[in-house]
$ cat run_15.txt   # compact mmCIF, C-alpha atoms and all ligand atoms
# COMPACT_ATOMS: atom_id res chain seq x y z
CA MET A 1 -17.25 68.52 4.44
CA GLN A 2 -20.18 69.41 2.22
CA GLY A 3 -20.89 69.04 -1.50
CA LEU A 4 -18.43 66.19 -2.10
CA MET A 5 -20.66 64.83 -4.88
CA GLN A 6 -21.87 68.17 -6.24
CA GLY A 7 -22.16 68.00 -10.04
CA LYS A 8 -21.84 64.20 -10.09
CA ARG A 9 -24.45 61.82 -11.46
CA GLY A 10 -24.75 58.10 -11.10
CA LEU A 11 -26.81 54.95 -10.97
CA ILE A 12 -27.84 53.00 -7.88
CA MET A 13 -28.75 49.35 -8.56
CA GLY A 14 -30.06 47.17 -5.73
CA VAL A 15 -32.53 49.11 -3.59
CA ALA A 16 -35.35 46.77 -2.51
CA ASN A 17 -36.55 48.81 0.49
CA ASP A 18 -35.31 51.23 3.14
CA HIS A 19 -33.25 48.47 4.81
CA SER A 20 -31.20 47.88 1.66
CA ILE A 21 -27.49 48.67 1.77
CA ALA A 22 -27.95 50.48 -1.56
CA TRP A 23 -30.45 52.79 0.15
CA GLY A 24 -27.93 53.70 2.86
CA ILE A 25 -25.46 54.51 0.10
CA ALA A 26 -28.00 56.53 -1.91
CA LYS A 27 -28.83 58.71 1.11
CA ALA A 28 -25.15 59.43 1.82
CA LEU A 29 -24.50 60.38 -1.82
CA HIS A 30 -27.61 62.56 -2.07
CA ALA A 31 -26.71 64.40 1.14
CA GLN A 32 -23.45 65.42 -0.56
CA GLY A 33 -25.14 66.75 -3.69
CA ALA A 34 -25.15 63.73 -6.05
CA GLU A 35 -27.89 63.34 -8.64
CA LEU A 36 -29.15 59.74 -8.61
CA ALA A 37 -30.87 57.32 -10.97
CA PHE A 38 -32.31 54.10 -9.54
CA THR A 39 -33.21 50.69 -10.88
CA TYR A 40 -35.60 48.21 -9.28
CA GLN A 41 -36.24 44.55 -9.94
CA GLY A 42 -39.85 44.00 -10.99
CA ASP A 43 -43.12 45.81 -10.29
CA ALA A 44 -43.60 44.54 -6.74
CA LEU A 45 -40.30 46.05 -5.58
CA GLY A 46 -40.92 49.07 -7.80
CA LYS A 47 -43.82 50.05 -5.53
CA ARG A 48 -41.39 50.32 -2.63
CA VAL A 49 -38.46 51.79 -4.53
CA ARG A 50 -40.32 54.55 -6.41
CA PRO A 51 -41.33 56.62 -3.37
CA LEU A 52 -37.86 56.23 -1.86
CA ALA A 53 -36.18 57.35 -5.09
CA GLU A 54 -38.67 60.21 -5.49
CA SER A 55 -37.84 61.41 -1.98
CA LEU A 56 -34.28 61.97 -3.28
CA ASN A 57 -35.59 63.73 -6.43
CA ALA A 58 -34.37 60.97 -8.74
CA PRO A 59 -35.00 61.93 -12.38
CA LEU A 60 -34.75 58.29 -13.55
CA ILE A 61 -36.37 55.29 -11.86
CA LEU A 62 -36.15 52.27 -14.13
CA PRO A 63 -37.04 48.58 -14.01
CA CYS A 64 -34.01 46.35 -14.51
CA ASP A 65 -33.64 42.61 -14.06
CA VAL A 66 -30.00 41.69 -14.63
CA GLU A 67 -31.01 38.21 -15.81
CA ASP A 68 -32.64 39.91 -18.79
CA ILE A 69 -30.00 41.50 -20.99
CA ALA A 70 -32.64 43.56 -22.83
CA SER A 71 -33.64 45.30 -19.60
CA VAL A 72 -29.96 46.03 -18.79
CA ASP A 73 -29.54 47.55 -22.26
CA ALA A 74 -32.74 49.58 -21.87
CA THR A 75 -31.54 50.98 -18.53
CA PHE A 76 -28.26 52.24 -19.96
CA ALA A 77 -29.93 53.53 -23.12
CA ALA A 78 -32.40 55.56 -21.02
CA MET A 79 -29.59 56.92 -18.88
CA LYS A 80 -27.53 57.85 -21.93
CA GLU A 81 -30.48 59.68 -23.42
CA LYS A 82 -31.20 61.59 -20.22
CA TRP A 83 -27.67 62.37 -19.05
CA GLY A 84 -25.17 61.47 -21.80
CA SER A 85 -22.50 60.62 -19.24
CA ILE A 86 -22.29 59.47 -15.62
CA ASP A 87 -19.69 59.66 -12.85
CA PHE A 88 -20.43 56.63 -10.68
CA LEU A 89 -22.23 53.29 -10.38
CA VAL A 90 -23.31 51.30 -7.33
CA HIS A 91 -23.95 47.57 -7.85
CA ALA A 92 -25.63 46.07 -4.75
CA ILE A 93 -27.23 43.00 -6.29
CA GLY A 94 -27.12 39.42 -5.13
CA PHE A 95 -29.31 36.35 -5.35
CA SER A 96 -29.22 32.61 -4.73
CA ASP A 97 -31.97 30.05 -4.17
CA LYS A 98 -32.46 30.14 -0.41
CA ASN A 99 -32.96 26.36 -0.35
CA GLU A 100 -29.26 26.18 -1.13
CA LEU A 101 -28.23 28.81 1.44
CA LYS A 102 -28.41 26.12 4.09
CA GLY A 103 -26.83 22.70 4.49
CA ARG A 104 -23.72 21.72 2.55
CA TYR A 105 -22.05 23.67 -0.26
CA ALA A 106 -21.33 20.31 -1.87
CA ASP A 107 -25.05 19.92 -2.60
CA THR A 108 -25.27 23.06 -4.78
CA THR A 109 -27.08 22.31 -8.03
CA ARG A 110 -25.75 23.20 -11.46
CA ALA A 111 -28.82 25.35 -12.18
CA ASN A 112 -28.53 27.40 -8.98
CA PHE A 113 -24.75 27.68 -9.27
CA SER A 114 -25.12 29.22 -12.74
CA ARG A 115 -27.98 31.50 -11.74
CA THR A 116 -26.20 32.70 -8.61
CA MET A 117 -23.05 33.45 -10.60
CA VAL A 118 -24.91 35.34 -13.33
CA ILE A 119 -26.94 37.52 -10.96
CA SER A 120 -24.44 38.01 -8.13
CA CYS A 121 -21.19 38.11 -10.11
CA PHE A 122 -21.42 38.42 -13.88
CA SER A 123 -24.03 41.20 -13.69
CA PHE A 124 -21.33 43.38 -12.11
CA THR A 125 -19.04 42.97 -15.10
CA GLU A 126 -21.92 43.55 -17.46
CA VAL A 127 -23.13 46.79 -15.88
CA ALA A 128 -19.61 48.05 -15.08
CA LYS A 129 -18.69 47.73 -18.77
CA ARG A 130 -21.76 49.69 -19.84
CA ALA A 131 -21.19 52.30 -17.14
CA SER A 132 -17.53 52.69 -18.16
CA GLU A 133 -18.66 53.52 -21.69
CA MET A 134 -20.58 56.47 -20.21
CA MET A 135 -17.62 57.80 -18.18
CA PRO A 136 -15.56 59.87 -20.64
CA ASN A 137 -14.14 61.92 -17.76
CA GLY A 138 -13.34 58.98 -15.50
CA GLY A 139 -15.50 57.70 -12.68
CA SER A 140 -15.90 55.35 -9.76
CA ILE A 141 -17.69 52.00 -9.48
CA VAL A 142 -18.52 50.12 -6.28
CA THR A 143 -19.95 46.67 -5.59
CA LEU A 144 -20.88 44.89 -2.35
CA THR A 145 -19.24 41.70 -1.12
CA PHE A 146 -19.03 39.61 2.05
CA GLY A 147 -16.22 37.89 3.99
CA GLY A 148 -17.72 34.49 3.12
CA SER A 149 -15.71 34.90 -0.11
CA THR A 150 -12.43 33.91 1.52
CA ARG A 151 -13.48 32.15 4.74
CA VAL A 152 -16.13 29.51 5.17
CA MET A 153 -19.35 30.80 6.75
CA PRO A 154 -21.97 28.18 7.55
CA ASN A 155 -24.83 28.21 5.01
CA TYR A 156 -23.34 30.97 2.84
CA ASN A 157 -22.30 28.24 0.40
CA VAL A 158 -22.52 29.16 -3.29
CA MET A 159 -22.84 32.86 -2.44
CA GLY A 160 -19.32 32.65 -0.98
CA VAL A 161 -18.06 31.24 -4.26
CA ALA A 162 -19.88 33.95 -6.21
CA LYS A 163 -18.45 36.67 -3.93
CA ALA A 164 -14.92 35.30 -4.46
CA ALA A 165 -15.46 35.64 -8.21
CA LEU A 166 -17.00 39.10 -7.69
CA GLU A 167 -13.90 40.23 -5.79
CA ALA A 168 -11.64 38.88 -8.54
CA SER A 169 -13.85 40.72 -11.06
CA THR A 170 -13.31 43.93 -9.08
CA ARG A 171 -9.53 43.60 -9.54
CA TYR A 172 -9.73 42.70 -13.24
CA LEU A 173 -12.15 45.53 -13.98
CA ALA A 174 -9.94 47.95 -12.02
CA ALA A 175 -7.04 46.95 -14.30
CA ASP A 176 -9.16 47.19 -17.47
CA PHE A 177 -10.55 50.66 -16.72
CA GLY A 178 -7.68 52.24 -14.76
CA ARG A 179 -6.09 54.06 -17.71
CA ASN A 180 -9.47 55.65 -18.41
CA GLY A 181 -9.49 57.17 -14.94
CA ILE A 182 -12.22 54.78 -13.78
CA ARG A 183 -11.77 53.21 -10.36
CA VAL A 184 -13.44 49.94 -9.26
CA ASN A 185 -13.70 48.88 -5.63
CA ALA A 186 -15.76 46.56 -3.42
CA ILE A 187 -17.10 47.10 0.08
CA SER A 188 -17.05 43.93 2.17
CA ALA A 189 -19.92 44.59 4.56
CA GLY A 190 -20.51 42.97 7.93
CA PRO A 191 -23.93 41.34 8.33
CA VAL A 192 -26.94 43.66 7.93
CA ARG A 193 -30.57 42.65 8.29
CA THR A 194 -31.91 43.02 4.77
CA LEU A 195 -34.10 40.92 2.48
CA ALA A 196 -31.02 39.25 0.96
CA GLY A 197 -29.34 38.82 4.35
CA SER A 198 -32.34 37.09 5.88
CA GLY A 199 -32.34 34.50 3.05
CA ILE A 200 -29.20 32.91 4.50
CA GLY A 201 -29.88 29.87 6.67
CA ASP A 202 -29.62 30.56 10.42
CA SER A 203 -28.68 34.15 9.62
CA ARG A 204 -29.59 35.41 13.08
CA ALA A 205 -27.00 33.16 14.73
CA MET A 206 -24.33 34.16 12.21
CA PHE A 207 -25.12 37.87 12.64
CA ALA A 208 -25.02 37.56 16.44
CA PHE A 209 -21.71 35.65 16.38
CA GLN A 210 -19.99 38.19 14.17
CA GLN A 211 -21.26 41.11 16.19
CA LYS A 212 -20.15 39.55 19.46
CA HIS A 213 -16.69 38.56 18.25
CA SER A 214 -15.74 41.59 16.16
CA PRO A 215 -13.25 44.05 17.69
CA LEU A 216 -15.93 46.75 17.87
CA GLY A 217 -18.37 44.27 19.42
CA ARG A 218 -21.31 45.44 17.32
CA GLY A 219 -22.80 45.35 13.85
CA VAL A 220 -22.42 48.00 11.16
CA THR A 221 -25.04 50.57 10.19
CA LEU A 222 -26.39 51.63 6.82
CA ASP A 223 -24.97 55.09 7.52
CA GLU A 224 -21.49 53.61 8.01
CA LEU A 225 -21.76 51.68 4.75
CA GLY A 226 -23.07 54.83 3.07
CA GLY A 227 -20.11 56.83 4.39
CA THR A 228 -17.61 54.32 3.03
CA ALA A 229 -19.33 54.27 -0.37
CA LEU A 230 -19.27 58.08 -0.38
CA TYR A 231 -15.49 57.97 0.20
CA LEU A 232 -14.97 55.39 -2.56
CA LEU A 233 -17.25 57.17 -5.06
CA SER A 234 -15.94 60.67 -4.39
CA ASP A 235 -12.58 62.24 -5.23
CA LEU A 236 -11.47 61.64 -1.62
CA SER A 237 -10.34 58.13 -2.65
CA GLY A 238 -8.70 59.28 -5.89
CA GLY A 239 -5.75 56.87 -5.69
CA VAL A 240 -7.73 53.82 -4.60
CA THR A 241 -8.74 51.08 -7.03
CA GLY A 242 -9.10 47.29 -7.05
CA GLU A 243 -9.60 47.28 -3.26
CA ILE A 244 -11.80 45.07 -1.12
CA HIS A 245 -12.59 47.45 1.73
CA PHE A 246 -13.98 45.85 4.90
CA VAL A 247 -16.75 47.61 6.82
CA ASP A 248 -17.41 44.82 9.31
CA SER A 249 -16.49 46.16 12.76
CA GLY A 250 -13.11 44.49 12.18
CA TYR A 251 -14.46 40.91 12.22
CA ASN A 252 -12.19 39.90 9.33
CA ILE A 253 -9.00 40.35 11.38
CA ILE A 254 -10.03 37.98 14.17
CA SER A 255 -8.63 34.47 14.37
CA MET A 256 -9.76 33.42 17.86
CA PRO A 257 -12.68 35.06 19.69
CA HIS A 258 -11.57 37.30 22.57
CA PRO A 259 -11.62 35.38 25.88
CA ASP A 260 -13.96 38.01 27.40
CA ALA A 261 -16.43 37.44 24.57
CA LEU A 262 -16.31 33.69 25.19
CA LYS A 263 -17.09 34.22 28.90
CA ALA A 264 -19.99 36.60 28.22
P1 LIG A 301 -31.37 43.64 -0.44
O1 LIG A 301 -32.26 42.46 -0.50
O2 LIG A 301 -31.91 44.89 0.11
O3 LIG A 301 -30.74 43.94 -1.87
C1 LIG A 301 -30.46 42.93 -2.81
C2 LIG A 301 -30.89 43.50 -4.14
O4 LIG A 301 -30.55 42.61 -5.21
C3 LIG A 301 -32.40 43.74 -4.22
O5 LIG A 301 -32.66 45.09 -4.50
C4 LIG A 301 -32.84 42.84 -5.36
O6 LIG A 301 -33.91 43.39 -6.09
C5 LIG A 301 -31.56 42.80 -6.18
N1 LIG A 301 -31.60 41.70 -7.15
C6 LIG A 301 -31.63 40.37 -6.92
N2 LIG A 301 -31.75 39.70 -8.10
C7 LIG A 301 -31.80 40.65 -9.08
C8 LIG A 301 -31.94 40.62 -10.49
N3 LIG A 301 -32.08 39.47 -11.15
N4 LIG A 301 -31.94 41.80 -11.17
C9 LIG A 301 -31.83 42.97 -10.53
N5 LIG A 301 -31.70 43.09 -9.19
C10 LIG A 301 -31.69 41.93 -8.48
O7 LIG A 301 -30.09 43.14 0.40
P2 LIG A 301 -28.68 43.81 0.68
O8 LIG A 301 -28.14 43.05 1.84
O9 LIG A 301 -28.77 45.28 0.73
O10 LIG A 301 -27.84 43.34 -0.58
C11 LIG A 301 -27.09 44.21 -1.40
C12 LIG A 301 -25.73 43.60 -1.68
O11 LIG A 301 -24.98 43.59 -0.48
C13 LIG A 301 -25.76 42.15 -2.17
O12 LIG A 301 -24.77 41.97 -3.16
C14 LIG A 301 -25.39 41.38 -0.92
O13 LIG A 301 -24.82 40.12 -1.22
C15 LIG A 301 -24.38 42.32 -0.32
N6 LIG A 301 -24.06 42.11 1.09
C16 LIG A 301 -25.04 42.01 2.01
C17 LIG A 301 -24.72 41.79 3.34
C18 LIG A 301 -25.79 41.65 4.40
O14 LIG A 301 -25.49 41.16 5.49
N7 LIG A 301 -27.02 42.06 4.15
C19 LIG A 301 -23.38 41.69 3.73
C20 LIG A 301 -22.39 41.81 2.76
C21 LIG A 301 -22.73 42.01 1.44

$ encode --input "run_15.txt" --output "structure tokens" --more "lines below"
Ligand code: NAD
Amino acid sequence: MQGLMQGKRGLIMGVANDHSIAWGIAKALHAQGAELAFTYQGDALGKRVRPLAESLNAPLILPCDVEDIASVDATFAAMKEKWGSIDFLVHAIGFSDKNELKGRYADTTRANFSRTMVISCFSFTEVAKRASEMMPNGGSIVTLTFGGSTRVMPNYNVMGVAKAALEASTRYLAADFGRNGIRVNAISAGPVRTLAGSGIGDSRAMFAFQQKHSPLGRGVTLDELGGTALYLLSDLSGGVTGEIHFVDSGYNIISMPHPDALKA
């Protein structure tokens, strides 16, 4: 199928480089005709993000740090001025102090708990609300989560707690916006080697374990995550909202590793 996103415009938040999940999503949307705006966090990342965004002919490439409410407001004001309305939003933003993405969850500090929740969870509500105000004809909103929200993953710690709250936010926002024809869903991605992913303590071991013990016996690709986002952001998923959709090679369904995998 071609042109699934023809005539649709939207914002991609969370590209850091060409390994970012948000970049995989942006490419899939652009290939189907979407017009994309991008945000980047700070000048250093901007140097990487700008050429990527330009390669997809993005008309808007804006700095936005979600800890700074003024920069969030400026992003949406610029988008409103340029486009008036949008059709979709991708939120692929997460952060926690990597010194607390190892060891015990019990040792999380108050300061990092709050910061992690604001950046990795509350920012979604904040940008989804602003995006919804620019979707007079309905729209679709997607965020990124991880299975550490419901099951304990070593070292994922406070990010797991933030992802649980992010998933609950997805359901509440879906209920809030549903009557306006705006759908809100989350993709629960299997491990991907990105800047954020590599901040998790012993991430290589966790990635390898999940890949080995998932039903498909492998990791997931940016193209696969992009394809799922394309489905959720296009009219193909018209009746779907409030979902946490796993793209993790099936790892979430496993209780005990397959005996063959244990022998290998
Ligand atoms: P990434 O490092 O490429 O992207 C994370 C993004 O968050 C970066 O672009 C960074 O600039 C942005 N960010 C952090 N703090 C910010 C702030 N204050 N303001 C604005 N932006 C900020 O890594 P990624 O793995 O592509 O992460 C994207 C999303 O996917 C995150 O929510 C992450 O938790 C989630 N996720 C990742 C994995 C994985 O294994 N990599 C698995 C499941 C879910």

$ residues_around --input "run_15.txt" --residues "segment 225-227 of chain A" --least-positions-apart "5" --cutoff "6 Å" --atoms "only C-alpha atoms" --output "PDB file with C-alpha atoms, keeping the file's coordinate frame"
ATOM      1  CA  GLY A  24     -27.930  53.700   2.860  1.00  0.00           C
ATOM      2  CA  ILE A  25     -25.460  54.510   0.100  1.00  0.00           C
ATOM      3  CA  ALA A  28     -25.150  59.430   1.820  1.00  0.00           C
TER       4      ALA A  28
END

$ closest_atom_pairs --input "run_15.txt" --of "segment 79-173 of chain A" --to "segment 240-250 of chain A" --cutoff "12 Å" --atoms "all atoms listed in the file" --output "CSV"
residue,atom,partner,partner_atom,distance
A:Gly139,CA,A:Thr241,CA,11.0
A:Ser140,CA,A:Thr241,CA,8.8
A:Ile141,CA,A:Thr241,CA,9.3
A:Val142,CA,A:Glu243,CA,9.8
A:Thr143,CA,A:Ile244,CA,9.4
A:Leu144,CA,A:Ile244,CA,9.2
A:Thr145,CA,A:Ile244,CA,8.2
A:Phe146,CA,A:Phe246,CA,8.5
A:Gly147,CA,A:Phe246,CA,8.3
A:Ser149,CA,A:Ile244,CA,10.9
A:Thr150,CA,A:Ile244,CA,11.5
A:Lys163,CA,A:Ile244,CA,11.1
A:Ala164,CA,A:Ile244,CA,10.8
A:Leu166,CA,A:Ile244,CA,10.3
A:Glu167,CA,A:Ile244,CA,7.0
A:Ala168,CA,A:Gly242,CA,8.9
A:Ser169,CA,A:Gly242,CA,9.0
A:Thr170,CA,A:Gly242,CA,5.8
A:Arg171,CA,A:Gly242,CA,4.5
A:Tyr172,CA,A:Gly242,CA,7.7
A:Leu173,CA,A:Gly242,CA,7.8

$ closest_residue --input "run_15.txt" --among "A:Tyr156, A:Phe113, A:Phe76, A:Trp83" --to "ligand LIG 301 (chain A)" --atoms "all atoms listed in the file"
A:Tyr156

$ closest_residue --input "run_15.txt" --among "A:Pro215, A:Pro154, A:Gly84, A:Pro191" --to "ligand LIG 301 (chain A)" --atoms "all atoms listed in the file"
A:Pro191

$ closest_residue --input "run_15.txt" --among "A:Ser123, A:Asn252, A:Asn157, A:Asn180" --to "Ile69 of chain A" --atoms "only C-alpha atoms"
A:Ser123

$ build_atoms --input "run_15.txt" --residues "segment 142-157 of chain A" --atoms "N, CA and C atoms" --output "tab-separated table (two decimals), keeping the file's coordinate frame"
chain	number	residue	atom	x	y	z
A	142	VAL	N	-18.60	50.88	-7.53
A	142	VAL	CA	-18.52	50.12	-6.28
A	142	VAL	C	-19.51	48.96	-6.30
A	143	THR	N	-19.04	47.80	-5.80
A	143	THR	CA	-19.95	46.67	-5.59
A	143	THR	C	-19.89	46.25	-4.11
A	144	LEU	N	-20.78	45.34	-3.74
A	144	LEU	CA	-20.88	44.89	-2.35
A	144	LEU	C	-20.52	43.42	-2.24
A	145	THR	N	-19.61	43.10	-1.31
A	145	THR	CA	-19.24	41.70	-1.12
A	145	THR	C	-19.33	41.34	0.36
A	146	PHE	N	-18.92	40.10	0.67
A	146	PHE	CA	-19.03	39.61	2.05
A	146	PHE	C	-17.84	38.69	2.34
A	147	GLY	N	-17.40	38.66	3.60
A	147	GLY	CA	-16.22	37.89	3.99
A	147	GLY	C	-16.33	36.38	3.75
A	148	GLY	N	-17.54	35.90	3.48
A	148	GLY	CA	-17.72	34.49	3.12
A	148	GLY	C	-17.05	34.14	1.80
A	149	SER	N	-16.45	35.14	1.15
A	149	SER	CA	-15.71	34.90	-0.11
A	149	SER	C	-14.39	34.20	0.14
A	150	THR	N	-13.77	34.47	1.27
A	150	THR	CA	-12.43	33.91	1.52
A	150	THR	C	-12.41	32.97	2.72
A	151	ARG	N	-13.43	33.05	3.59
A	151	ARG	CA	-13.48	32.15	4.74
A	151	ARG	C	-14.85	31.49	4.76
A	152	VAL	N	-14.87	30.26	5.21
A	152	VAL	CA	-16.13	29.51	5.17
A	152	VAL	C	-17.09	30.00	6.25
A	153	MET	N	-18.27	30.43	5.82
A	153	MET	CA	-19.35	30.80	6.75
A	153	MET	C	-20.44	29.74	6.59
A	154	PRO	N	-20.92	29.18	7.69
A	154	PRO	CA	-21.97	28.18	7.55
A	154	PRO	C	-23.13	28.72	6.72
A	155	ASN	N	-23.63	27.92	5.83
A	155	ASN	CA	-24.83	28.21	5.01
A	155	ASN	C	-24.64	29.23	3.89
A	156	TYR	N	-23.52	29.95	3.87
A	156	TYR	CA	-23.34	30.97	2.84
A	156	TYR	C	-23.06	30.31	1.48
A	157	ASN	N	-22.41	29.17	1.53
A	157	ASN	CA	-22.30	28.24	0.40
A	157	ASN	C	-21.96	28.91	-0.94
